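A.B. asks: entry12.csv (CSV, C-alpha atoms) pasted underneath:
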```
chain,number,residue,atom,x,y,z
R,147,MET,CA,0.0,0.0,0.0
R,148,LYS,CA,2.9,2.3,0.9
R,149,ASN,CA,4.5,1.8,-2.5
R,150,LYS,CA,1.2,2.3,-4.2
R,151,HIS,CA,0.8,5.6,-2.4
R,152,TYR,CA,4.2,6.8,-3.6
R,153,PHE,CA,3.4,5.7,-7.1
R,154,LEU,CA,0.2,7.8,-7.2
R,155,ILE,CA,2.1,10.9,-5.9
R,156,LEU,CA,4.8,10.4,-8.6
R,157,CYS,CA,2.1,10.2,-11.3
R,158,CYS,CA,0.7,13.5,-10.2
R,159,PHE,CA,4.0,15.2,-10.7
R,160,LEU,CA,4.6,13.6,-14.1
R,161,LEU,CA,1.2,14.4,-15.6
R,162,PRO,CA,1.4,17.2,-18.1
R,163,SER,CA,-0.2,20.5,-17.2
R,164,VAL,CA,-2.7,20.3,-19.9
R,165,ILE,CA,-4.3,17.4,-18.1
R,166,SER,CA,-3.7,18.4,-14.5
R,167,SER,CA,-4.7,22.1,-14.6
R,168,GLY,CA,-8.1,22.6,-13.0
R,169,ALA,CA,-9.2,26.0,-14.0
R,170,SER,CA,-9.5,27.3,-17.6
R,171,MET,CA,-7.0,29.8,-18.8
R,172,LYS,CA,-8.7,33.3,-19.0
R,173,VAL,CA,-8.2,35.4,-22.1
R,174,THR,CA,-9.5,38.9,-22.8
R,175,PHE,CA,-9.7,40.2,-26.4
R,176,ILE,CA,-10.1,43.9,-27.0
R,177,ASN,CA,-11.9,44.0,-30.3
R,178,PRO,CA,-11.6,47.4,-32.1
R,179,GLY,CA,-14.6,46.7,-34.3
R,180,VAL,CA,-18.4,46.7,-34.0
R,181,SER,CA,-20.3,44.2,-31.8
R,182,VAL,CA,-23.2,43.7,-34.3
R,183,GLU,CA,-22.7,41.7,-37.5
R,184,ASN,CA,-24.6,44.0,-39.9
R,185,ASN,CA,-23.0,47.5,-40.1
R,186,GLN,CA,-21.5,49.7,-42.8
R,187,THR,CA,-17.9,48.6,-42.1
R,188,GLY,CA,-18.8,44.9,-42.6
R,189,SER,CA,-18.8,41.8,-40.5
R,190,PHE,CA,-15.1,41.3,-40.3
R,191,TRP,CA,-14.6,42.1,-36.6
R,192,TYR,CA,-17.8,40.3,-35.6
R,193,ASN,CA,-16.4,37.2,-37.5
R,194,VAL,CA,-13.1,37.5,-35.7
R,195,SER,CA,-14.8,37.1,-32.4
R,196,ALA,CA,-17.1,34.3,-33.6
R,197,PHE,CA,-14.2,32.3,-34.8
R,198,MET,CA,-12.3,32.9,-31.6
R,199,LYS,CA,-15.3,31.7,-29.5
R,200,ALA,CA,-15.4,28.4,-31.5
R,201,ALA,CA,-11.6,27.9,-30.8
R,202,ALA,CA,-12.1,28.8,-27.1
R,203,ASN,CA,-14.8,26.2,-26.7
R,204,ASP,CA,-12.6,23.4,-28.2
R,205,LEU,CA,-9.6,24.4,-26.1
R,206,ASP,CA,-11.5,25.0,-22.8
R,207,ILE,CA,-10.5,28.7,-22.8
R,208,ASP,CA,-12.5,31.3,-20.8
R,209,LEU,CA,-12.7,34.0,-23.5
R,210,GLU,CA,-14.0,37.5,-22.9
R,211,VAL,CA,-14.5,39.9,-25.8
R,212,LEU,CA,-14.7,43.7,-25.3
R,213,TYR,CA,-15.7,45.9,-28.2
R,214,ALA,CA,-14.4,49.4,-29.0
R,215,GLU,CA,-17.2,49.9,-31.5
R,216,ARG,CA,-14.8,51.4,-34.1
R,217,ASN,CA,-13.9,54.2,-31.7
R,218,HIS,CA,-10.1,54.3,-31.2
R,219,LEU,CA,-10.5,56.2,-28.0
R,220,ASN,CA,-12.5,53.3,-26.6
R,221,LEU,CA,-9.4,51.1,-27.0
R,222,ASP,CA,-7.6,53.0,-24.2
R,223,ARG,CA,-10.7,53.1,-22.1
R,224,LEU,CA,-11.2,49.4,-22.3
R,225,MET,CA,-7.5,48.8,-21.5
R,226,GLU,CA,-7.8,50.9,-18.3
R,227,LYS,CA,-10.9,48.9,-17.4
R,228,VAL,CA,-9.0,45.7,-17.6
R,229,LYS,CA,-6.0,47.1,-15.8
R,230,SER,CA,-8.1,48.2,-12.9
R,231,ARG,CA,-9.6,44.8,-12.2
R,232,GLU,CA,-8.6,42.9,-9.2
R,233,GLN,CA,-8.8,39.6,-11.1
R,234,LYS,CA,-6.9,40.2,-14.4
R,235,PRO,CA,-6.9,37.8,-17.3
R,236,ASP,CA,-4.1,35.3,-17.8
R,237,TYR,CA,-3.6,36.7,-21.3
R,238,LEU,CA,-4.7,39.8,-23.2
R,239,ILE,CA,-5.0,40.1,-27.0
R,240,ILE,CA,-4.9,43.5,-28.6
R,241,VAL,CA,-4.8,45.0,-32.1
R,242,ASN,CA,-2.8,48.1,-33.2
R,243,GLU,CA,-5.8,49.8,-34.7
R,244,LYS,CA,-5.4,53.4,-35.6
R,245,ASN,CA,-1.9,53.2,-34.1
R,246,ARG,CA,-3.2,52.8,-30.5
R,247,GLY,CA,-1.0,49.7,-30.0
R,248,THR,CA,1.8,51.5,-28.1
R,249,ALA,CA,-0.7,53.1,-25.6
R,250,GLN,CA,-2.4,49.7,-25.1
R,251,LEU,CA,0.9,47.9,-24.6
R,252,GLU,CA,2.1,50.5,-22.0
R,253,ILE,CA,-1.1,50.0,-20.0
R,254,ALA,CA,-0.9,46.2,-20.2
R,255,MET,CA,2.8,46.1,-19.3
R,256,ALA,CA,2.2,48.4,-16.3
R,257,ALA,CA,-0.6,46.0,-15.2
R,258,GLY,CA,1.7,43.0,-15.6
R,259,ILE,CA,-0.6,41.2,-18.0
R,260,LYS,CA,0.9,38.8,-20.6
R,261,THR,CA,-0.1,40.4,-23.9
R,262,PHE,CA,-0.3,39.2,-27.5
R,263,MET,CA,-0.7,41.6,-30.4
R,264,MET,CA,-2.5,40.4,-33.6
R,265,LEU,CA,-3.5,41.6,-37.1
R,266,ASN,CA,-1.6,44.9,-36.9
R,267,ALA,CA,1.8,45.1,-35.4
R,268,LEU,CA,3.9,48.2,-34.5
R,269,THR,CA,5.3,49.7,-37.6
R,270,LYS,CA,6.5,53.2,-36.9
R,271,SER,CA,10.2,53.5,-36.0
R,272,GLU,CA,9.4,55.6,-32.9
R,273,GLU,CA,6.9,53.0,-31.6
R,274,ILE,CA,9.4,50.1,-32.1
R,275,GLU,CA,12.2,52.1,-30.5
R,276,LYS,CA,10.0,52.8,-27.5
R,277,MET,CA,8.4,49.3,-27.0
R,278,GLY,CA,10.9,47.1,-28.8
R,279,VAL,CA,9.6,43.7,-30.0
R,280,PRO,CA,7.9,40.8,-28.3
R,281,ARG,CA,10.3,39.1,-25.8
R,282,GLY,CA,12.5,42.1,-25.9
R,283,LYS,CA,12.2,45.1,-23.6
R,284,HIS,CA,9.0,43.8,-22.1
R,285,ALA,CA,8.9,40.2,-21.0
R,286,ASN,CA,5.1,40.2,-20.7
R,287,TRP,CA,4.7,41.2,-24.4
R,288,ILE,CA,5.0,37.6,-25.4
R,289,GLY,CA,4.2,37.6,-29.1
R,290,SER,CA,2.5,38.9,-32.3
R,291,LEU,CA,0.8,37.3,-35.3
R,292,VAL,CA,0.2,39.4,-38.4
R,293,PRO,CA,-1.2,38.1,-41.7
R,294,ASP,CA,0.7,39.3,-44.8
R,295,ASN,CA,-1.4,42.3,-45.8
R,296,TYR,CA,1.0,43.3,-48.5
R,297,TYR,CA,0.4,40.0,-50.2
R,298,ALA,CA,-3.4,40.4,-49.9
R,299,GLY,CA,-3.4,43.8,-51.5
R,300,TYR,CA,-1.0,42.6,-54.2
R,301,GLN,CA,-3.0,39.5,-55.0
R,302,VAL,CA,-6.3,41.3,-55.4
R,303,ALA,CA,-4.7,43.9,-57.7
R,304,LYS,CA,-2.9,41.3,-59.8
R,305,THR,CA,-6.0,39.1,-60.2
R,306,LEU,CA,-8.2,42.1,-61.3
R,307,ILE,CA,-5.6,43.5,-63.7
R,308,ASP,CA,-5.1,40.1,-65.4
R,309,LYS,CA,-8.9,39.6,-65.7
R,310,ALA,CA,-9.4,43.1,-67.2
R,311,LEU,CA,-6.5,42.7,-69.6
R,312,GLN,CA,-7.7,39.3,-70.7
R,313,SER,CA,-11.1,40.9,-71.4
R,314,ASP,CA,-9.4,43.7,-73.4
R,315,LYS,CA,-10.7,46.5,-71.2
R,316,THR,CA,-8.0,49.0,-71.9
R,317,ALA,CA,-9.1,52.6,-72.3
R,318,SER,CA,-8.8,54.8,-75.4
R,319,ASP,CA,-5.3,55.8,-74.4
R,320,GLY,CA,-4.2,52.2,-74.6
R,321,LYS,CA,-3.9,51.8,-70.8
R,322,LEU,CA,-5.9,50.0,-68.2
R,323,HIS,CA,-7.4,52.5,-65.8
R,324,ILE,CA,-7.6,51.5,-62.1
R,325,LEU,CA,-9.3,53.1,-59.1
R,326,GLY,CA,-8.1,52.1,-55.6
R,327,TYR,CA,-10.0,52.5,-52.3
R,328,ALA,CA,-7.9,52.4,-49.2
R,329,GLY,CA,-9.6,51.7,-45.8
R,330,ASP,CA,-7.5,54.4,-44.3
R,331,PHE,CA,-3.9,55.7,-44.5
R,332,VAL,CA,-2.9,55.0,-40.9
R,333,THR,CA,-3.7,51.5,-39.8
R,334,PRO,CA,-0.7,49.2,-40.6
R,335,ALA,CA,-2.8,46.6,-42.4
R,336,ALA,CA,-4.3,49.3,-44.6
R,337,VAL,CA,-0.9,50.8,-45.4
R,338,LEU,CA,0.5,47.4,-46.4
R,339,ARG,CA,-2.5,46.6,-48.6
R,340,ASN,CA,-2.0,49.9,-50.3
R,341,LYS,CA,1.6,49.1,-51.0
R,342,GLY,CA,0.7,45.7,-52.4
R,343,LEU,CA,-1.7,47.4,-54.8
R,344,LYS,CA,1.0,49.8,-56.0
R,345,ALA,CA,3.5,47.0,-56.4
R,346,ALA,CA,1.2,45.0,-58.6
R,347,VAL,CA,0.4,48.1,-60.8
R,348,SER,CA,4.2,48.8,-61.2
R,349,GLU,CA,4.6,45.4,-62.9
R,350,TYR,CA,2.4,46.4,-65.8
R,351,PRO,CA,3.7,49.2,-68.1
R,352,ASN,CA,0.2,49.7,-69.6
R,353,VAL,CA,-1.7,49.9,-66.3
R,354,GLU,CA,-2.4,53.2,-64.6
R,355,LEU,CA,-3.7,53.8,-61.0
R,356,LYS,CA,-5.8,56.9,-61.6
R,357,GLN,CA,-6.4,57.6,-57.9
R,358,LEU,CA,-6.2,56.0,-54.5
R,359,LEU,CA,-9.1,57.3,-52.4
R,360,VAL,CA,-9.9,56.6,-48.7
R,361,ALA,CA,-13.3,55.0,-48.0
R,362,HIS,CA,-12.9,54.5,-44.3
R,363,TRP,CA,-13.8,50.8,-44.7
R,364,SER,CA,-17.4,51.8,-45.4
R,365,LYS,CA,-19.8,50.4,-48.0
R,366,GLU,CA,-21.9,53.6,-48.0
R,367,LYS,CA,-18.9,55.9,-48.6
R,368,ALA,CA,-17.6,53.7,-51.4
R,369,TYR,CA,-21.0,53.8,-53.1
R,370,HIS,CA,-21.2,57.6,-53.2
R,371,LYS,CA,-17.6,58.0,-54.1
R,372,THR,CA,-17.9,55.6,-57.0
R,373,ILE,CA,-21.0,57.3,-58.4
R,374,ALA,CA,-19.0,60.6,-58.4
R,375,ILE,CA,-15.7,59.2,-59.6
R,376,PHE,CA,-16.9,57.9,-62.9
R,377,ALA,CA,-17.7,61.4,-64.0
R,378,ARG,CA,-13.9,62.1,-63.7
R,379,TYR,CA,-12.7,58.7,-64.9
R,380,PRO,CA,-15.4,57.2,-67.3
R,381,GLU,CA,-13.1,54.5,-68.6
R,382,LEU,CA,-12.3,52.8,-65.3
R,383,SER,CA,-12.2,49.0,-65.7
R,384,VAL,CA,-10.8,47.9,-62.3
R,385,ILE,CA,-11.8,48.9,-58.8
R,386,TRP,CA,-9.4,47.6,-56.1
R,387,ALA,CA,-11.0,47.7,-52.6
R,388,ALA,CA,-9.2,47.4,-49.2
R,389,ASN,CA,-12.1,45.4,-47.8
R,390,ASP,CA,-15.3,43.7,-49.0
R,391,PRO,CA,-17.8,46.4,-47.8
R,392,ILE,CA,-15.9,48.9,-50.0
R,393,ALA,CA,-16.1,46.5,-52.9
R,394,LEU,CA,-19.8,45.8,-52.4
R,395,GLY,CA,-20.5,49.6,-52.2
R,396,SER,CA,-18.7,49.9,-55.5
R,397,LEU,CA,-20.7,47.1,-57.0
R,398,ASN,CA,-23.9,48.8,-56.1
R,399,ALA,CA,-22.7,52.0,-57.6
R,400,LEU,CA,-21.8,50.3,-60.9
R,401,VAL,CA,-25.3,48.8,-61.1
R,402,LYS,CA,-26.8,52.3,-60.5
R,403,LEU,CA,-24.6,53.6,-63.3
R,404,GLY,CA,-25.8,51.0,-65.7
R,405,LYS,CA,-22.4,49.1,-65.8
R,406,SER,CA,-22.0,45.4,-65.5
R,407,PRO,CA,-19.6,44.3,-62.7
R,408,GLY,CA,-17.6,41.3,-63.6
R,409,LYS,CA,-17.9,42.1,-67.3
R,410,GLU,CA,-17.3,45.8,-67.9
R,411,VAL,CA,-15.6,46.6,-64.5
R,412,PHE,CA,-13.7,44.1,-62.4
R,413,VAL,CA,-13.9,44.6,-58.6
R,414,GLY,CA,-12.1,42.8,-55.8
R,415,GLY,CA,-11.8,43.1,-52.0
R,416,VAL,CA,-10.6,41.6,-48.8
R,417,ASN,CA,-12.5,39.9,-45.9
R,418,TRP,CA,-14.6,36.9,-47.2
R,419,ASP,CA,-17.7,38.7,-46.0
R,420,PRO,CA,-20.8,36.5,-46.7
R,421,GLU,CA,-22.4,39.1,-49.0
R,422,ALA,CA,-19.1,39.3,-50.9
R,423,LEU,CA,-18.9,35.5,-51.3
R,424,GLN,CA,-22.4,35.5,-52.8
R,425,ALA,CA,-21.3,38.2,-55.2
R,426,ILE,CA,-18.4,36.0,-56.3
R,427,LYS,CA,-20.8,33.1,-56.8
R,428,GLU,CA,-22.9,35.4,-59.0
R,429,ASN,CA,-19.7,36.4,-61.0
R,430,LYS,CA,-20.1,40.1,-59.9
R,431,LEU,CA,-17.1,40.2,-57.6
R,432,SER,CA,-13.9,38.8,-59.1
R,433,ILE,CA,-12.0,38.0,-55.9
R,434,SER,CA,-12.0,38.3,-52.1
R,435,MET,CA,-8.8,37.6,-50.2
R,436,GLY,CA,-9.6,36.4,-46.7
R,437,GLY,CA,-9.0,34.0,-43.9
R,438,HIS,CA,-7.4,36.7,-41.7
R,439,PHE,CA,-10.5,37.0,-39.6
R,440,MET,CA,-9.4,33.6,-38.3
R,441,THR,CA,-6.2,35.0,-36.8
R,442,GLY,CA,-7.7,35.3,-33.3
R,443,GLY,CA,-8.6,31.7,-33.3
R,444,TRP,CA,-5.0,30.8,-34.3
R,445,VAL,CA,-3.7,33.1,-31.5
R,446,LEU,CA,-5.7,31.1,-29.0
R,447,VAL,CA,-4.1,27.9,-30.2
R,448,LEU,CA,-0.7,29.5,-29.7
R,449,LEU,CA,-1.6,30.8,-26.2
R,450,TYR,CA,-3.0,27.4,-25.3
R,451,ASP,CA,0.3,25.7,-26.2
R,452,TYR,CA,2.3,28.4,-24.4
R,453,HIS,CA,0.1,28.0,-21.3
R,454,ASN,CA,0.7,24.3,-21.4
R,455,GLY,CA,4.4,24.3,-21.7
R,456,LYS,CA,4.9,24.3,-25.5
R,457,ASP,CA,6.2,27.8,-26.3
R,458,PHE,CA,5.4,29.1,-29.8
R,459,VAL,CA,8.7,31.0,-29.7
R,460,GLU,CA,10.2,27.9,-31.4
R,461,GLU,CA,8.8,29.4,-34.6
R,462,GLY,CA,9.4,33.0,-33.4
R,463,ALA,CA,7.8,35.6,-31.1
R,464,VAL,CA,7.1,37.8,-34.1
R,465,LEU,CA,5.0,35.6,-36.4
R,466,ASP,CA,4.2,36.8,-40.0
R,467,MET,CA,2.1,34.2,-41.8
R,468,LYS,CA,0.4,34.2,-45.2
R,469,ILE,CA,-3.0,33.2,-43.7
R,470,PHE,CA,-4.7,35.1,-46.5
R,471,ASP,CA,-6.1,32.9,-49.3
R,472,PRO,CA,-8.1,33.9,-52.4
R,473,LEU,CA,-11.8,32.9,-53.0
R,474,ASP,CA,-12.9,33.3,-56.6
R,475,SER,CA,-15.1,31.4,-59.1
R,476,LYS,CA,-12.7,28.4,-59.0
R,477,ASN,CA,-13.0,27.6,-55.4
R,478,ILE,CA,-16.0,29.4,-54.0
R,479,ASP,CA,-18.3,26.4,-54.1
R,480,GLN,CA,-16.0,24.2,-52.1
R,481,TYR,CA,-15.7,26.9,-49.4
R,482,LEU,CA,-19.5,27.6,-49.3
R,483,GLN,CA,-20.3,23.9,-49.1
R,484,LYS,CA,-18.5,23.7,-45.7
R,485,PHE,CA,-18.8,27.2,-44.3
R,486,ALA,CA,-21.6,29.1,-45.8
R,487,SER,CA,-23.4,29.0,-42.5
R,488,GLN,CA,-20.2,30.0,-40.6
R,489,GLN,CA,-20.6,27.1,-38.2
R,490,TRP,CA,-17.1,27.2,-37.0
R,491,ASP,CA,-17.8,24.5,-34.5
R,492,LYS,CA,-17.3,22.1,-37.4
R,493,ILE,CA,-13.6,22.7,-37.0
R,494,ASP,CA,-11.6,20.7,-34.4
R,495,PHE,CA,-9.2,23.4,-33.2
R,496,ARG,CA,-7.5,20.8,-31.0
R,497,LYS,CA,-5.9,19.3,-34.1
R,498,PHE,CA,-3.9,22.5,-34.6
R,499,SER,CA,-2.2,22.4,-31.2
R,500,LYS,CA,1.3,21.1,-30.8
R,501,VAL,CA,0.6,20.2,-27.2
R,502,LEU,CA,-2.2,17.9,-28.3
R,503,ASN,CA,-0.5,16.7,-31.5
R,504,PRO,CA,3.2,16.2,-30.8
R,505,ASN,CA,3.8,15.2,-34.4
R,506,ILE,CA,3.2,18.8,-35.6
R,507,ILE,CA,6.5,20.4,-36.4
R,508,LYS,CA,5.3,23.7,-37.9
R,509,TYR,CA,1.9,25.5,-37.4
R,510,ASN,CA,-0.3,25.4,-40.5
R,511,PHE,CA,-3.1,28.0,-40.3
R,512,SER,CA,-3.9,28.0,-44.0
R,513,ALA,CA,-7.4,27.8,-45.5
R,514,SER,CA,-6.6,24.5,-47.1
R,515,ALA,CA,-5.7,23.1,-43.7
R,516,LEU,CA,-8.9,24.5,-42.3
R,517,LEU,CA,-11.0,22.8,-45.0
R,518,GLU,CA,-9.2,19.5,-44.2
R,519,GLN,CA,-10.1,19.7,-40.5
R,520,ALA,CA,-13.7,20.6,-41.0
R,521,GLN,CA,-15.9,17.7,-39.8
```
Can you turn what I pasted into structure tokens?

C.D. replies:
Amino acid sequence: MKNKHYFLILCCFLLPSVISSGASMKVTFINPGVSVENNQTGSFWYNVSAFMKAAANDLDIDLEVLYAERNHLNLDRLMEKVKSREQKPDYLIIVNEKNRGTAQLEIAMAAGIKTFMMLNALTKSEEIEKMGVPRGKHANWIGSLVPDNYYAGYQVAKTLIDKALQSDKTASDGKLHILGYAGDFVTPAAVLRNKGLKAAVSEYPNVELKQLLVAHWSKEKAYHKTIAIFARYPELSVIWAANDPIALGSLNALVKLGKSPGKEVFVGGVNWDPEALQAIKENKLSISMGGHFMTGGWVLVLLYDYHNGKDFVEEGAVLDMKIFDPLDSKNIDQYLQKFASQQWDKIDFRKFSKVLNPNIIKYNFSASALLEQAQ
């Protein structure tokens, strides 16, 4: 009996923390977006939270989502709210929206909360000099995961240009005329998408970006601006949009103007918003780059592994992954067949964890991997 007692004690020490931990890890996400799905800036931020909640359920994570409602001042207010709590979360997830990342990080570091930044990292030299990088000046800034927004902007532009050239939509001056809509000129993701657009255009000698306007991520603003802009540039044949709501607003304007999207004018965006996916199926929208709304779910996988002794730093504290994938006429049916209803509980997020799957050498958060895991 005595030996049996010692054996049981020894087993308790040897059991991995993922099995022996009693309470769920607590994670707070400060979402810069809107808390309702239907709004003029699209469903992106709502979808970010929905995907995260599905991941949290699978991984037994106690997830709290606080919304800033697209007001960058609310980001700091919510940070102060979390900082003042007696019971703070184990981990905090933030986004460098409208360049509020430094202020949020400072508050989190002062509160001693382990913090992960996603979707938009620090990009300004003065910000980086002040805060450093994850696992640098501040030990509690444990990591960042940013999708390749440059690639997203580039791929949308290249796809639209190729489609328009193949359809011989050059203007009377022999050039292909493009209109670009930025979400804004400040947020790092927006800046990188804009750079991707310009890089793609530079590869074609007979393509001209007539103007890059800001639409503030809004469907309504894009609609009114597109109506007006065709008076100035009547031979536009490509509209590049920084997100799907802007693309959809442009589509509605084209119909109002009596033009045929997908035939006369080629439009593409970013987000994989449901309405945009339907427009792709109807051959009105040419492409939507997306998958980045899933980033929060993948961050939870990383934090789960970190919390249970498998540090993601093996692949780096500053993670920059493609994540973005295109949906177009070639693969839209396959995606809609599995995820048209956005039932993310079909995914077994446990299969992406290195702790739960020791055979995984490198994290794979691609759309193809997602489709394979869907039940």

A.B. asks: Region 285-300 of chain R: which residues within 6 Å, counting all atoms listed in the file, same-chain residues fewer than 6 positions away excluded, as a PyMOL selection string?

C.D. replies: chain R and resi 260-266+335+338-339+342-343+346+463-469

A.B. asks: Choose the residue, out of R:Gln357, R:Asn177, R:Ser475, R:Ser170, that has the smallest atom-to-atom separation from Asp236 (chain R); count only C-alpha atoms.

C.D. replies: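 Going through R:Gln357, R:Asn177, R:Ser475, R:Ser170 one by one, the smallest distance to Asp236 (chain R) is for R:Ser170.
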
A.B. asks: Please identify every residue of region 236-313 of chain R that has at least one atom no farther than 10 Å from an atom of region 392-415 of chain R, counting all atoms listed in the file, and for each give the shortest atom pair and the distance in Å to one decimal, arranged by chain then increasing number, as JSON lines.

C.D. replies:
```
{"residue": "R:Ala298", "atom": "CA", "partner": "R:Gly415", "partner_atom": "CA", "distance": 9.1}
{"residue": "R:Gly299", "atom": "CA", "partner": "R:Gly415", "partner_atom": "CA", "distance": 8.4}
{"residue": "R:Gln301", "atom": "CA", "partner": "R:Gly414", "partner_atom": "CA", "distance": 9.7}
{"residue": "R:Val302", "atom": "CA", "partner": "R:Gly414", "partner_atom": "CA", "distance": 6.0}
{"residue": "R:Ala303", "atom": "CA", "partner": "R:Gly414", "partner_atom": "CA", "distance": 7.7}
{"residue": "R:Thr305", "atom": "CA", "partner": "R:Gly414", "partner_atom": "CA", "distance": 8.4}
{"residue": "R:Leu306", "atom": "CA", "partner": "R:Phe412", "partner_atom": "CA", "distance": 6.0}
{"residue": "R:Ile307", "atom": "CA", "partner": "R:Phe412", "partner_atom": "CA", "distance": 8.2}
{"residue": "R:Asp308", "atom": "CA", "partner": "R:Phe412", "partner_atom": "CA", "distance": 9.9}
{"residue": "R:Lys309", "atom": "CA", "partner": "R:Phe412", "partner_atom": "CA", "distance": 7.4}
{"residue": "R:Ala310", "atom": "CA", "partner": "R:Phe412", "partner_atom": "CA", "distance": 6.5}
{"residue": "R:Ser313", "atom": "CA", "partner": "R:Lys409", "partner_atom": "CA", "distance": 8.0}
```

A.B. asks: Extract, using all atoms listed in the file, all DNA, RNA and protein residues at most 6 Å from region 441-446 of chain R, discarding same-chain residues fewer than 6 positions from it, and format them as number ranges by chain.

C.D. replies: R: 197-198, 201

A.B. asks: Mind listing whatever residues come within 9 Å of the point (-6.5, 52.9, -22.8)? Use only C-alpha atoms, file coordinates, and give them as JSON, numbers by chain.

C.D. replies: {"R": [219, 220, 221, 222, 223, 224, 225, 226, 227, 246, 249, 250, 252, 253]}

A.B. asks: Name the residues in contact with Phe175 (chain R) at a cut-off of 9 Å, using all atoms listed in the file, excluding same-chain residues fewer than 2 positions from it; report them as a list in words.

C.D. replies: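 Skipping anything fewer than 2 positions along the chain leaves Val173, Asn177, Ser195, Leu209, Glu210, Val211, Leu212, Tyr213, Tyr237, Leu238, Ile239, Ile240, Val241 and Gly442 of chain R.
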
A.B. asks: Using Å and a single decimal, report how far CA of Gly455 (chain R) sits from CA of Lys508 (chain R).

C.D. replies: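 A separation of 16.2 Å between them.
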
A.B. asks: Need the shell around Leu358 (chain R): protein/DNA/RNA residues with any atom at most 12 Å away, counting all atoms listed in the file. Skip same-chain ones fewer than 6 positions apart. Format as a PDB file with C-alpha atoms, in the frame of the given file?

C.D. replies:
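Dumped everything to result.pdb:
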```pdb
ATOM      1  CA  HIS R 323      -7.400  52.500 -65.800  1.00  0.00           C
ATOM      2  CA  ILE R 324      -7.600  51.500 -62.100  1.00  0.00           C
ATOM      3  CA  LEU R 325      -9.300  53.100 -59.100  1.00  0.00           C
ATOM      4  CA  GLY R 326      -8.100  52.100 -55.600  1.00  0.00           C
ATOM      5  CA  TYR R 327     -10.000  52.500 -52.300  1.00  0.00           C
ATOM      6  CA  ALA R 328      -7.900  52.400 -49.200  1.00  0.00           C
ATOM      7  CA  GLY R 329      -9.600  51.700 -45.800  1.00  0.00           C
ATOM      8  CA  ASP R 330      -7.500  54.400 -44.300  1.00  0.00           C
ATOM      9  CA  PHE R 331      -3.900  55.700 -44.500  1.00  0.00           C
ATOM     10  CA  VAL R 337      -0.900  50.800 -45.400  1.00  0.00           C
ATOM     11  CA  ARG R 339      -2.500  46.600 -48.600  1.00  0.00           C
ATOM     12  CA  ASN R 340      -2.000  49.900 -50.300  1.00  0.00           C
ATOM     13  CA  LYS R 341       1.600  49.100 -51.000  1.00  0.00           C
ATOM     14  CA  LEU R 343      -1.700  47.400 -54.800  1.00  0.00           C
ATOM     15  CA  LYS R 344       1.000  49.800 -56.000  1.00  0.00           C
ATOM     16  CA  LYS R 371     -17.600  58.000 -54.100  1.00  0.00           C
ATOM     17  CA  THR R 372     -17.900  55.600 -57.000  1.00  0.00           C
ATOM     18  CA  ILE R 375     -15.700  59.200 -59.600  1.00  0.00           C
ATOM     19  CA  ILE R 385     -11.800  48.900 -58.800  1.00  0.00           C
ATOM     20  CA  TRP R 386      -9.400  47.600 -56.100  1.00  0.00           C
ATOM     21  CA  ALA R 387     -11.000  47.700 -52.600  1.00  0.00           C
ATOM     22  CA  ALA R 388      -9.200  47.400 -49.200  1.00  0.00           C
TER      23      ALA R 388
END
```

A.B. asks: Which neighbours of region 188-190 of chain R fall inside 12 Å, counting all atoms listed in the file, when residues of the same chain fewer than 3 positions from it are skipped, and could you give them as an NGL selection string?

C.D. replies: :R and (177-185 or 193-197 or 216 or 329 or 362-366 or 388-395 or 415-422 or 436-442 or 488)

A.B. asks: If you measure from CA of Phe511 (chain R) to CA of Thr187 (chain R), what distance in Å do you get, rounded to one decimal?

C.D. replies: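 Answer for the CA of Phe511 (chain R) to CA of Thr187 (chain R) separation: 25.4 Å.
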
A.B. asks: Could you tell me which of R:Ser383, R:Ser230, R:Asn352, R:Gln519 comes closest to Lys484 (chain R) if we count only C-alpha atoms?

C.D. replies: R:Gln519

A.B. asks: Choose the residue, out of R:Ser487, R:Pro504, R:Gly462, R:Ser512, that has the smallest atom-to-atom separation from Arg281 (chain R); count all atoms listed in the file.

C.D. replies: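 Once distances to Arg281 (chain R) are computed over all atoms listed in the file, the minimum belongs to R:Gly462.
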
A.B. asks: For a test of reading the model, state the distance in Å between CA of Glu272 (chain R) and CA of Gly258 (chain R), rounded to one decimal.

C.D. replies: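 Taking CA of Glu272 (chain R) as the start and CA of Gly258 (chain R) as the end point, the length is 22.7 Å.
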
A.B. asks: Compare R:Lys492, R:Leu502, R:Leu448, R:Ala267 by their minimum atom-to-atom distance to Val279 (chain R), counting all atoms listed in the file, and give me the closest one.

C.D. replies: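 That would be R:Ala267, the residue with the smallest distance to Val279 (chain R).
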
A.B. asks: Can you work out which one of R:Thr316, R:Thr269, R:Thr333, R:Asn203 has the shortest atom-to-atom distance to His218 (chain R), counting all atoms listed in the file?

C.D. replies: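 The answer is R:Thr333, which sits nearest to His218 (chain R).
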